[in-house]
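Below is my_file.cif, which holds mmCIF, C-alpha atoms and all ligand atoms.
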```cif
data_structure
#
loop_
_atom_site.group_PDB
_atom_site.id
_atom_site.type_symbol
_atom_site.label_atom_id
_atom_site.label_comp_id
_atom_site.auth_asym_id
_atom_site.auth_seq_id
_atom_site.Cartn_x
_atom_site.Cartn_y
_atom_site.Cartn_z
ATOM 1 C CA MET A 289 0.000 0.000 0.000
ATOM 2 C CA THR A 290 1.485 3.390 -0.889
ATOM 3 C CA ASN A 291 1.366 5.955 1.840
ATOM 4 C CA THR A 292 -0.374 8.898 0.234
ATOM 5 C CA GLY A 293 -3.595 8.529 2.195
ATOM 6 C CA ARG A 294 -4.127 7.138 5.653
ATOM 7 C CA LEU A 295 -5.899 4.138 7.020
ATOM 8 C CA ILE A 296 -7.662 4.755 10.333
ATOM 9 C CA VAL A 297 -9.036 1.962 12.496
ATOM 10 C CA LEU A 298 -11.831 2.653 14.957
ATOM 11 C CA THR A 299 -12.463 -0.038 17.558
ATOM 12 C CA GLY A 300 -14.428 -0.238 20.783
ATOM 13 C CA PRO A 301 -16.878 -2.599 22.408
ATOM 14 C CA SER A 302 -20.355 -3.130 21.104
ATOM 15 C CA GLY A 303 -22.681 -0.497 22.565
ATOM 16 C CA VAL A 304 -19.977 2.131 23.092
ATOM 17 C CA GLY A 305 -21.558 4.388 20.475
ATOM 18 C CA LYS A 306 -19.029 3.878 17.663
ATOM 19 C CA GLY A 307 -21.752 3.976 15.026
ATOM 20 C CA THR A 308 -23.246 7.274 16.229
ATOM 21 C CA LEU A 309 -19.828 8.891 16.621
ATOM 22 C CA LEU A 310 -18.754 7.705 13.216
ATOM 23 C CA LYS A 311 -21.899 8.925 11.497
ATOM 24 C CA GLN A 312 -21.386 12.393 12.940
ATOM 25 C CA LEU A 313 -17.665 12.360 12.218
ATOM 26 C CA LEU A 314 -18.381 11.596 8.556
ATOM 27 C CA GLN A 315 -20.784 14.549 8.394
ATOM 28 C CA HIS A 316 -18.059 16.829 9.776
ATOM 29 C CA CYS A 317 -15.248 15.404 7.611
ATOM 30 C CA PRO A 318 -16.480 15.018 4.034
ATOM 31 C CA ASP A 319 -13.001 13.910 2.899
ATOM 32 C CA LEU A 320 -13.133 10.846 5.104
ATOM 33 C CA TYR A 321 -14.178 7.576 3.475
ATOM 34 C CA LEU A 322 -15.921 4.830 5.419
ATOM 35 C CA SER A 323 -15.130 1.270 4.398
ATOM 36 C CA ILE A 324 -18.279 -0.858 4.035
ATOM 37 C CA SER A 325 -17.625 -4.280 5.525
ATOM 38 C CA ALA A 326 -18.963 -7.658 4.529
ATOM 39 C CA THR A 327 -20.816 -9.700 7.144
ATOM 40 C CA THR A 328 -22.775 -12.895 7.538
ATOM 41 C CA ARG A 329 -24.919 -11.276 10.241
ATOM 42 C CA PRO A 330 -28.536 -10.854 9.134
ATOM 43 C CA PRO A 331 -29.558 -7.233 8.496
ATOM 44 C CA ARG A 332 -31.165 -5.415 11.437
ATOM 45 C CA PRO A 333 -34.387 -3.539 10.723
ATOM 46 C CA GLY A 334 -33.585 -0.536 8.557
ATOM 47 C CA GLU A 335 -30.160 -1.760 7.434
ATOM 48 C CA ILE A 336 -29.587 -1.587 3.702
ATOM 49 C CA GLU A 337 -27.359 -3.775 1.528
ATOM 50 C CA GLY A 338 -24.221 -1.837 0.571
ATOM 51 C CA LYS A 339 -24.883 0.963 3.056
ATOM 52 C CA GLN A 340 -24.226 -0.471 6.526
ATOM 53 C CA TYR A 341 -22.773 -3.753 5.221
ATOM 54 C CA TYR A 342 -22.602 -6.123 2.298
ATOM 55 C CA PHE A 343 -24.702 -8.982 3.655
ATOM 56 C CA LEU A 344 -23.265 -12.328 2.554
ATOM 57 C CA THR A 345 -24.016 -15.986 3.161
ATOM 58 C CA LYS A 346 -21.338 -17.995 4.949
ATOM 59 C CA ALA A 347 -20.411 -19.620 1.618
ATOM 60 C CA GLN A 348 -20.050 -16.233 -0.086
ATOM 61 C CA PHE A 349 -17.925 -14.973 2.816
ATOM 62 C CA GLN A 350 -15.740 -18.075 2.641
ATOM 63 C CA ASP A 351 -15.228 -17.413 -1.105
ATOM 64 C CA ARG A 352 -13.920 -13.917 -0.271
ATOM 65 C CA ILE A 353 -11.483 -15.493 2.203
ATOM 66 C CA ASP A 354 -10.392 -18.196 -0.258
ATOM 67 C CA GLN A 355 -9.805 -15.603 -2.994
ATOM 68 C CA ASP A 356 -7.789 -13.475 -0.562
ATOM 69 C CA GLN A 357 -10.084 -10.484 -1.047
ATOM 70 C CA LEU A 358 -10.180 -9.489 2.609
ATOM 71 C CA LEU A 359 -7.698 -7.143 4.281
ATOM 72 C CA GLU A 360 -8.816 -8.589 7.611
ATOM 73 C CA TRP A 361 -11.676 -10.650 8.933
ATOM 74 C CA ALA A 362 -12.921 -12.046 12.213
ATOM 75 C CA GLU A 363 -15.691 -14.042 13.780
ATOM 76 C CA TYR A 364 -17.636 -11.924 16.228
ATOM 77 C CA ALA A 365 -20.571 -13.113 18.344
ATOM 78 C CA GLY A 366 -21.187 -16.013 15.968
ATOM 79 C CA ASN A 367 -20.999 -14.112 12.674
ATOM 80 C CA PHE A 368 -18.186 -13.260 10.261
ATOM 81 C CA TYR A 369 -17.144 -9.704 9.484
ATOM 82 C CA GLY A 370 -14.450 -8.550 7.062
ATOM 83 C CA THR A 371 -12.965 -5.622 5.165
ATOM 84 C CA LEU A 372 -12.766 -5.879 1.375
ATOM 85 C CA ARG A 373 -9.175 -4.980 0.541
ATOM 86 C CA ASP A 374 -9.391 -3.464 -2.969
ATOM 87 C CA PRO A 375 -11.762 -0.536 -2.335
ATOM 88 C CA VAL A 376 -9.779 0.436 0.765
ATOM 89 C CA ILE A 377 -6.407 0.339 -1.017
ATOM 90 C CA GLN A 378 -7.803 2.313 -3.960
ATOM 91 C CA GLU A 379 -9.052 5.102 -1.709
ATOM 92 C CA VAL A 380 -5.836 5.257 0.321
ATOM 93 C CA ASN A 381 -3.751 5.315 -2.866
ATOM 94 C CA GLN A 382 -5.875 8.201 -4.111
ATOM 95 C CA GLY A 383 -4.755 10.135 -1.053
ATOM 96 C CA HIS A 384 -7.874 9.737 1.070
ATOM 97 C CA LYS A 385 -8.292 8.956 4.728
ATOM 98 C CA VAL A 386 -10.230 5.726 5.021
ATOM 99 C CA ILE A 387 -11.797 4.623 8.272
ATOM 100 C CA LEU A 388 -12.485 1.010 9.251
ATOM 101 C CA GLU A 389 -14.953 0.429 12.067
ATOM 102 C CA ILE A 390 -13.911 -3.042 13.155
ATOM 103 C CA GLU A 391 -13.503 -5.244 16.227
ATOM 104 C CA LEU A 392 -10.305 -6.172 18.039
ATOM 105 C CA VAL A 393 -9.160 -9.273 16.143
ATOM 106 C CA GLY A 394 -9.449 -7.426 12.831
ATOM 107 C CA ALA A 395 -7.701 -4.353 14.253
ATOM 108 C CA ARG A 396 -4.775 -6.578 15.246
ATOM 109 C CA GLN A 397 -4.595 -8.033 11.713
ATOM 110 C CA VAL A 398 -4.523 -4.524 10.254
ATOM 111 C CA ARG A 399 -1.734 -3.606 12.711
ATOM 112 C CA GLN A 400 0.323 -6.484 11.296
ATOM 113 C CA LYS A 401 -0.412 -5.813 7.649
ATOM 114 C CA VAL A 402 -0.552 -2.011 7.643
ATOM 115 C CA PRO A 403 1.625 -0.799 10.526
ATOM 116 C CA GLU A 404 1.209 2.839 9.472
ATOM 117 C CA ALA A 405 -2.556 2.642 10.042
ATOM 118 C CA PHE A 406 -3.645 4.828 12.968
ATOM 119 C CA GLN A 407 -5.653 2.902 15.552
ATOM 120 C CA ILE A 408 -8.260 4.535 17.788
ATOM 121 C CA PHE A 409 -10.105 2.874 20.688
ATOM 122 C CA ILE A 410 -13.369 4.172 22.131
ATOM 123 C CA ASN A 411 -14.073 3.453 25.811
ATOM 124 C CA PRO A 412 -17.426 3.617 27.593
ATOM 125 C CA PRO A 413 -17.710 5.877 30.658
ATOM 126 C CA SER A 414 -18.176 2.737 32.801
ATOM 127 C CA TRP A 415 -18.923 -0.976 32.549
ATOM 128 C CA SER A 416 -22.477 -0.516 33.845
ATOM 129 C CA ALA A 417 -23.196 2.172 31.239
ATOM 130 C CA LEU A 418 -21.988 -0.191 28.544
ATOM 131 C CA GLU A 419 -24.040 -3.104 29.849
ATOM 132 C CA THR A 420 -27.162 -0.956 29.916
ATOM 133 C CA ARG A 421 -26.576 0.106 26.331
ATOM 134 C CA ILE A 422 -25.919 -3.416 25.049
ATOM 135 C CA ARG A 423 -29.046 -4.750 26.784
ATOM 136 C CA GLY A 424 -31.141 -1.759 25.840
ATOM 137 C CA ARG A 425 -30.623 -1.938 22.104
ATOM 138 C CA GLY A 426 -33.477 -4.425 21.940
ATOM 139 C CA GLN A 427 -32.566 -5.761 18.522
ATOM 140 C CA ASP A 428 -30.518 -8.755 19.577
ATOM 141 C CA SER A 429 -31.384 -12.111 21.173
ATOM 142 C CA GLU A 430 -30.344 -12.965 24.756
ATOM 143 C CA THR A 431 -27.609 -15.222 23.362
ATOM 144 C CA ALA A 432 -26.302 -12.435 21.146
ATOM 145 C CA ILE A 433 -26.351 -10.009 24.096
ATOM 146 C CA ALA A 434 -24.406 -12.433 26.306
ATOM 147 C CA ARG A 435 -21.811 -12.914 23.583
ATOM 148 C CA ARG A 436 -21.456 -9.162 23.085
ATOM 149 C CA LEU A 437 -20.985 -8.627 26.835
ATOM 150 C CA ASP A 438 -18.261 -11.311 26.954
ATOM 151 C CA GLN A 439 -16.597 -9.836 23.913
ATOM 152 C CA ALA A 440 -16.759 -6.317 25.365
ATOM 153 C CA LYS A 441 -14.661 -7.435 28.361
ATOM 154 C CA VAL A 442 -11.983 -8.814 26.041
ATOM 155 C CA GLU A 443 -11.941 -5.637 23.947
ATOM 156 C CA LEU A 444 -11.735 -3.275 26.941
ATOM 157 C CA ALA A 445 -8.729 -5.205 28.247
ATOM 158 C CA ALA A 446 -6.899 -4.474 24.974
ATOM 159 C CA ALA A 447 -7.485 -0.713 24.874
ATOM 160 C CA ASP A 448 -3.821 0.082 25.631
ATOM 161 C CA GLU A 449 -2.731 -1.542 22.356
ATOM 162 C CA PHE A 450 -4.203 1.406 20.464
ATOM 163 C CA ASP A 451 -2.485 4.630 19.351
ATOM 164 C CA PHE A 452 -5.210 6.844 20.779
ATOM 165 C CA GLN A 453 -8.081 6.329 23.224
ATOM 166 C CA LEU A 454 -11.103 8.393 24.067
ATOM 167 C CA VAL A 455 -14.097 8.009 26.377
ATOM 168 C CA ASN A 456 -17.568 8.364 24.933
ATOM 169 C CA ASP A 457 -19.305 9.898 27.928
ATOM 170 C CA ASP A 458 -20.676 13.109 26.467
ATOM 171 C CA LEU A 459 -21.237 12.560 22.727
ATOM 172 C CA ASP A 460 -20.310 16.104 21.655
ATOM 173 C CA THR A 461 -17.082 16.094 23.638
ATOM 174 C CA ALA A 462 -16.105 12.681 22.273
ATOM 175 C CA LEU A 463 -16.931 13.827 18.750
ATOM 176 C CA GLN A 464 -14.768 16.945 19.049
ATOM 177 C CA GLU A 465 -11.848 14.877 20.365
ATOM 178 C CA LEU A 466 -12.230 12.299 17.634
ATOM 179 C CA LYS A 467 -12.567 14.920 14.919
ATOM 180 C CA ALA A 468 -9.490 16.838 16.108
ATOM 181 C CA LYS A 469 -7.433 13.659 16.103
ATOM 182 C CA VAL A 470 -8.609 12.496 12.674
ATOM 183 C CA LEU A 471 -8.010 15.931 11.135
ATOM 184 C CA SER A 472 -4.497 15.981 12.589
ATOM 185 C CA LEU A 473 -3.495 12.767 10.816
HETATM 186 P P1 LIG A 501 -22.548 -5.158 14.528
HETATM 187 O O1 LIG A 501 -23.075 -6.539 14.358
HETATM 188 O O2 LIG A 501 -22.976 -4.529 15.824
HETATM 189 O O3 LIG A 501 -22.823 -4.285 13.327
HETATM 190 O O4 LIG A 501 -20.941 -5.277 14.598
HETATM 191 C C1 LIG A 501 -20.366 -6.131 15.524
HETATM 192 C C2 LIG A 501 -18.888 -5.867 15.605
HETATM 193 O O5 LIG A 501 -18.264 -6.177 14.363
HETATM 194 C C3 LIG A 501 -18.545 -4.402 15.901
HETATM 195 O O6 LIG A 501 -17.563 -4.380 16.924
HETATM 196 C C4 LIG A 501 -17.985 -3.908 14.597
HETATM 197 O O7 LIG A 501 -17.001 -2.914 14.818
HETATM 198 C C5 LIG A 501 -17.345 -5.162 14.045
HETATM 199 N N1 LIG A 501 -17.127 -5.123 12.600
HETATM 200 C C6 LIG A 501 -17.886 -4.541 11.657
HETATM 201 N N2 LIG A 501 -17.328 -4.689 10.444
HETATM 202 C C7 LIG A 501 -16.171 -5.374 10.646
HETATM 203 C C8 LIG A 501 -15.134 -5.831 9.774
HETATM 204 O O8 LIG A 501 -15.126 -5.628 8.568
HETATM 205 N N3 LIG A 501 -14.117 -6.519 10.339
HETATM 206 C C9 LIG A 501 -14.049 -6.767 11.670
HETATM 207 N N4 LIG A 501 -12.996 -7.427 12.109
HETATM 208 N N5 LIG A 501 -15.004 -6.349 12.523
HETATM 209 C C10 LIG A 501 -16.049 -5.667 12.011
#
```
So, in terms of C-alpha cells, how does the structure I just supplied come out?
Ligand code: 5GP
Amino acid sequence: MTNTGRLIVLTGPSGVGKGTLLKQLLQHCPDLYLSISATTRPPRPGEIEGKQYYFLTKAQFQDRIDQDQLLEWAEYAGNFYGTLRDPVIQEVNQGHKVILEIELVGARQVRQKVPEAFQIFINPPSWSALETRIRGRGQDSETAIARRLDQAKVELAAADEFDFQLVNDDLDTALQELKAKVLSL
C-alpha cells in the first residue's frame, strides 16, 4: 500500500456508540471515506445492503477469504465480518483517509499488515453504562447479548494496544476529540 492517504481503524466494544460517533464524524469530515464491511450477520431492521454492510451468506464470505479479497476478517458473536481490501487500497492510494470500524481481532490483523494505520479505541464511561446500552438496544437475542458482553470485556482489556483512546461519555465532547485527532493525521 502506498502511503499517500491514511488508514484509520476505529475499535471499541459493542454499545460504546461507535456507530453514532462515526456517522457524525463523517458529516463533519467530508473527505473521510468509510469502508463498508462484509458480514454474515442478518440485516437489522432498517439496514440496507451496501450501506451499513454487504450482507453475505457464509459460503459467499468463505469465497472472499479463499480468494484473498479481505484485508482482515474475524468471527464476532457467531458471525463473520471482514474488510474488502481493494476498495480500501484504492481510496488510500488516491490520497484519502479511510476509516475502518472493526472489532479487536481485525484491528490486530490490520496492525500487522498495515503498521502505518492509525488505531483509535473508544471506551465507555463505565462498565455498567456499557451493559445498559448493550441490553437496551433491543434488537438482539439474549444469546447475542451475552456474547457481546463477553466480547466487550476482552476488547476493553486491549485498549492500551491502540495509538489513541477516548471516552464516549458526552457525545459532543467525544466527537470533538475524535474529529481533532482524525483531522491531525
Ligand atoms: P454489529 O453486528 O454490531 O454491526 O458489529 C459487531 C462488531 O463487528 C462491531 O464491533 C464492529 O465494529 C465489528 N465489525 C464490523 N465490520 C467489521 C469488519 O469488517 N471486520 C471486523 N474485524 N469487525 C467488524
Just to confirm, what's the straight-line distance from atom CA of Gln378 of chain A to atom O2 of ligand LIG 501 (chain A) in Å (one decimal)?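 Result for atom CA of Gln378 of chain A versus atom O2 of ligand LIG 501 (chain A): 25.9 Å, one decimal.
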What is the atom CA of Ala440 of chain A to atom CA of Asp458 of chain A distance in Å? 19.8 Å
Go through A:Asn411, A:Gln357, A:Gln312, A:Ser429 and flag the residue nearest Ala445 of chain A, using all atoms listed in the file for the distances.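 Checking each of A:Asn411, A:Gln357, A:Gln312, A:Ser429 against Ala445 of chain A, counting all atoms listed in the file, the winner is A:Asn411.
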Can you list, as a PyMOL selection string, the residues that the PyMOL selection byres (((chain A and resi 384) around 12) and not hetatm) selects here? chain A and resi 290-296+317-323+375-383+385-387+470-471+473
Written as a list of chain:residue names, what is the full residue list that the PyMOL selection byres (((chain A and resi 301) around 7) and not hetatm) yields on the file shown?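 What the PyMOL selection byres (((chain A and resi 301) around 7) and not hetatm) grabs from the file is A:Gly300, A:Ser302, A:Gly303, A:Val304, A:Ala440, A:Glu443, A:Leu444.
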Using all atoms listed in the file, find each protein or nucleic acid residue lying at most 6 Å from ligand LIG 501 (chain A); present the set as an mmCIF file with C-alpha atoms, keeping the file's coordinate frame.
```cif
data_model
loop_
_atom_site.group_PDB
_atom_site.id
_atom_site.type_symbol
_atom_site.label_atom_id
_atom_site.label_comp_id
_atom_site.auth_asym_id
_atom_site.auth_seq_id
_atom_site.Cartn_x
_atom_site.Cartn_y
_atom_site.Cartn_z
ATOM 1 C CA PRO A 301 -16.878 -2.599 22.408
ATOM 2 C CA SER A 302 -20.355 -3.130 21.104
ATOM 3 C CA SER A 325 -17.625 -4.280 5.525
ATOM 4 C CA ALA A 326 -18.963 -7.658 4.529
ATOM 5 C CA TRP A 361 -11.676 -10.650 8.933
ATOM 6 C CA ALA A 362 -12.921 -12.046 12.213
ATOM 7 C CA TYR A 369 -17.144 -9.704 9.484
ATOM 8 C CA GLY A 370 -14.450 -8.550 7.062
ATOM 9 C CA THR A 371 -12.965 -5.622 5.165
ATOM 10 C CA GLU A 389 -14.953 0.429 12.067
ATOM 11 C CA ILE A 390 -13.911 -3.042 13.155
ATOM 12 C CA GLU A 391 -13.503 -5.244 16.227
ATOM 13 C CA VAL A 393 -9.160 -9.273 16.143
ATOM 14 C CA GLY A 394 -9.449 -7.426 12.831
#
```
Taking the file above as input, evaluate the PyMOL selection byres (((chain A and resi 337-353) around 8) and not hetatm) and report the hits as a list in words.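 On this input, the PyMOL selection byres (((chain A and resi 337-353) around 8) and not hetatm) captures Ile324, Ser325, Ala326, Thr327, Thr328, Arg329, Pro330, Pro331, Glu335, Ile336, Asp354, Gln355, Asp356, Gln357, Leu358 and Phe368 of chain A.
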Please identify all polymer residues within 12 Å of Arg425 of chain A, counting all atoms listed in the file, omitting same-chain residues fewer than 2 positions from it, and present them as a ChimeraX atom specification. /A:302-305,332,418-423,427-430,432-433,436
What is the atom CA of Leu454 of chain A to atom CA of Trp415 of chain A distance in Å? 14.9 Å
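The residue that comes closest to Val297 of chain A, out of A:Ala446, A:Ile410, A:Ala468, A:Ala395 and on the basis of only C-alpha atoms, is A:Ala395.
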For Pro413 of chain A, which residue among A:Asn456, A:Thr431, A:Thr461, A:Gln400 is the nearest when counting all atoms listed in the file?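 Looking only at the distances to Pro413 of chain A, the closest residue turns out to be A:Asn456.
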Pick out the closest residue to Val398 of chain A from this set: A:Leu298, A:Ser414, A:Gly366, A:Gly424. Count only C-alpha atoms.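 Of A:Leu298, A:Ser414, A:Gly366, A:Gly424, the one nearest Val398 of chain A, counting only C-alpha atoms, is A:Leu298.
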Counting only C-alpha atoms, which residue out of A:Val455, A:Ala405, A:Leu466, A:Leu309 sits closest to Ala417 of chain A? A:Val455
Looking at A:His316, A:Thr299, A:Glu363, A:Gly307, which one is nearest to Leu392 of chain A, with distances taken over all atoms listed in the file?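 The shortest atom-to-atom distance to Leu392 of chain A comes from A:Thr299.
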Can you put N, CA, C and O atoms back into segment 447-470 of chain A and show it as a PDB file, keeping the file's coordinate frame?
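And here is the file that came out, part_26.pdb:
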```
ATOM      1  N   ALA A 447      -7.447  -2.124  25.288  1.00  0.00           N
ATOM      2  CA  ALA A 447      -7.485  -0.713  24.874  1.00  0.00           C
ATOM      3  C   ALA A 447      -6.086  -0.096  24.753  1.00  0.00           C
ATOM      4  O   ALA A 447      -5.836   0.727  23.866  1.00  0.00           O
ATOM      5  N   ASP A 448      -5.158  -0.534  25.630  1.00  0.00           N
ATOM      6  CA  ASP A 448      -3.821   0.082  25.631  1.00  0.00           C
ATOM      7  C   ASP A 448      -2.987  -0.252  24.392  1.00  0.00           C
ATOM      8  O   ASP A 448      -1.938   0.343  24.172  1.00  0.00           O
ATOM      9  N   GLU A 449      -3.460  -1.222  23.588  1.00  0.00           N
ATOM     10  CA  GLU A 449      -2.731  -1.542  22.356  1.00  0.00           C
ATOM     11  C   GLU A 449      -2.885  -0.441  21.307  1.00  0.00           C
ATOM     12  O   GLU A 449      -2.190  -0.441  20.296  1.00  0.00           O
ATOM     13  N   PHE A 450      -3.832   0.461  21.527  1.00  0.00           N
ATOM     14  CA  PHE A 450      -4.203   1.406  20.464  1.00  0.00           C
ATOM     15  C   PHE A 450      -3.395   2.701  20.543  1.00  0.00           C
ATOM     16  O   PHE A 450      -2.882   3.062  21.607  1.00  0.00           O
ATOM     17  N   ASP A 451      -3.284   3.397  19.408  1.00  0.00           N
ATOM     18  CA  ASP A 451      -2.485   4.630  19.351  1.00  0.00           C
ATOM     19  C   ASP A 451      -3.148   5.764  20.119  1.00  0.00           C
ATOM     20  O   ASP A 451      -2.479   6.662  20.611  1.00  0.00           O
ATOM     21  N   PHE A 452      -4.472   5.735  20.180  1.00  0.00           N
ATOM     22  CA  PHE A 452      -5.210   6.844  20.779  1.00  0.00           C
ATOM     23  C   PHE A 452      -6.500   6.302  21.365  1.00  0.00           C
ATOM     24  O   PHE A 452      -7.160   5.468  20.748  1.00  0.00           O
ATOM     25  N   GLN A 453      -6.838   6.772  22.582  1.00  0.00           N
ATOM     26  CA  GLN A 453      -8.081   6.329  23.224  1.00  0.00           C
ATOM     27  C   GLN A 453      -8.925   7.535  23.573  1.00  0.00           C
ATOM     28  O   GLN A 453      -8.385   8.587  23.932  1.00  0.00           O
ATOM     29  N   LEU A 454     -10.240   7.368  23.509  1.00  0.00           N
ATOM     30  CA  LEU A 454     -11.103   8.393  24.067  1.00  0.00           C
ATOM     31  C   LEU A 454     -12.286   7.732  24.761  1.00  0.00           C
ATOM     32  O   LEU A 454     -12.556   6.543  24.565  1.00  0.00           O
ATOM     33  N   VAL A 455     -12.953   8.512  25.616  1.00  0.00           N
ATOM     34  CA  VAL A 455     -14.097   8.009  26.377  1.00  0.00           C
ATOM     35  C   VAL A 455     -15.353   8.653  25.815  1.00  0.00           C
ATOM     36  O   VAL A 455     -15.431   9.877  25.706  1.00  0.00           O
ATOM     37  N   ASN A 456     -16.310   7.818  25.443  1.00  0.00           N
ATOM     38  CA  ASN A 456     -17.568   8.364  24.933  1.00  0.00           C
ATOM     39  C   ASN A 456     -18.562   8.504  26.090  1.00  0.00           C
ATOM     40  O   ASN A 456     -19.437   7.676  26.275  1.00  0.00           O
ATOM     41  N   ASP A 457     -18.374   9.594  26.848  1.00  0.00           N
ATOM     42  CA  ASP A 457     -19.305   9.898  27.928  1.00  0.00           C
ATOM     43  C   ASP A 457     -20.303  10.905  27.371  1.00  0.00           C
ATOM     44  O   ASP A 457     -21.460  10.578  27.099  1.00  0.00           O
ATOM     45  N   ASP A 458     -19.839  12.111  27.131  1.00  0.00           N
ATOM     46  CA  ASP A 458     -20.676  13.109  26.467  1.00  0.00           C
ATOM     47  C   ASP A 458     -20.383  13.033  24.958  1.00  0.00           C
ATOM     48  O   ASP A 458     -19.231  13.157  24.539  1.00  0.00           O
ATOM     49  N   LEU A 459     -21.425  12.807  24.166  1.00  0.00           N
ATOM     50  CA  LEU A 459     -21.237  12.560  22.727  1.00  0.00           C
ATOM     51  C   LEU A 459     -20.519  13.711  22.032  1.00  0.00           C
ATOM     52  O   LEU A 459     -19.601  13.496  21.239  1.00  0.00           O
ATOM     53  N   ASP A 460     -20.921  14.949  22.335  1.00  0.00           N
ATOM     54  CA  ASP A 460     -20.310  16.104  21.655  1.00  0.00           C
ATOM     55  C   ASP A 460     -18.826  16.232  21.974  1.00  0.00           C
ATOM     56  O   ASP A 460     -18.015  16.507  21.092  1.00  0.00           O
ATOM     57  N   THR A 461     -18.492  16.008  23.239  1.00  0.00           N
ATOM     58  CA  THR A 461     -17.082  16.094  23.638  1.00  0.00           C
ATOM     59  C   THR A 461     -16.275  15.011  22.926  1.00  0.00           C
ATOM     60  O   THR A 461     -15.196  15.276  22.386  1.00  0.00           O
ATOM     61  N   ALA A 462     -16.807  13.792  22.928  1.00  0.00           N
ATOM     62  CA  ALA A 462     -16.105  12.681  22.273  1.00  0.00           C
ATOM     63  C   ALA A 462     -15.946  12.968  20.780  1.00  0.00           C
ATOM     64  O   ALA A 462     -14.888  12.720  20.193  1.00  0.00           O
ATOM     65  N   LEU A 463     -16.988  13.526  20.181  1.00  0.00           N
ATOM     66  CA  LEU A 463     -16.931  13.827  18.750  1.00  0.00           C
ATOM     67  C   LEU A 463     -15.853  14.868  18.453  1.00  0.00           C
ATOM     68  O   LEU A 463     -15.088  14.717  17.495  1.00  0.00           O
ATOM     69  N   GLN A 464     -15.783  15.902  19.276  1.00  0.00           N
ATOM     70  CA  GLN A 464     -14.768  16.945  19.049  1.00  0.00           C
ATOM     71  C   GLN A 464     -13.361  16.366  19.172  1.00  0.00           C
ATOM     72  O   GLN A 464     -12.481  16.673  18.370  1.00  0.00           O
ATOM     73  N   GLU A 465     -13.172  15.503  20.174  1.00  0.00           N
ATOM     74  CA  GLU A 465     -11.848  14.877  20.365  1.00  0.00           C
ATOM     75  C   GLU A 465     -11.477  13.999  19.174  1.00  0.00           C
ATOM     76  O   GLU A 465     -10.358  14.039  18.676  1.00  0.00           O
ATOM     77  N   LEU A 466     -12.466  13.219  18.748  1.00  0.00           N
ATOM     78  CA  LEU A 466     -12.230  12.299  17.634  1.00  0.00           C
ATOM     79  C   LEU A 466     -11.938  13.083  16.353  1.00  0.00           C
ATOM     80  O   LEU A 466     -10.993  12.770  15.616  1.00  0.00           O
ATOM     81  N   LYS A 467     -12.725  14.109  16.134  1.00  0.00           N
ATOM     82  CA  LYS A 467     -12.567  14.920  14.919  1.00  0.00           C
ATOM     83  C   LYS A 467     -11.186  15.589  14.908  1.00  0.00           C
ATOM     84  O   LYS A 467     -10.477  15.566  13.894  1.00  0.00           O
ATOM     85  N   ALA A 468     -10.788  16.162  16.039  1.00  0.00           N
ATOM     86  CA  ALA A 468      -9.490  16.838  16.108  1.00  0.00           C
ATOM     87  C   ALA A 468      -8.369  15.843  15.793  1.00  0.00           C
ATOM     88  O   ALA A 468      -7.433  16.159  15.049  1.00  0.00           O
ATOM     89  N   LYS A 469      -8.485  14.654  16.335  1.00  0.00           N
ATOM     90  CA  LYS A 469      -7.433  13.659  16.103  1.00  0.00           C
ATOM     91  C   LYS A 469      -7.400  13.248  14.635  1.00  0.00           C
ATOM     92  O   LYS A 469      -6.337  13.229  13.997  1.00  0.00           O
ATOM     93  N   VAL A 470      -8.560  12.959  14.070  1.00  0.00           N
ATOM     94  CA  VAL A 470      -8.609  12.496  12.674  1.00  0.00           C
ATOM     95  C   VAL A 470      -8.096  13.597  11.734  1.00  0.00           C
ATOM     96  O   VAL A 470      -7.341  13.322  10.796  1.00  0.00           O
TER      97      VAL A 470
END
```
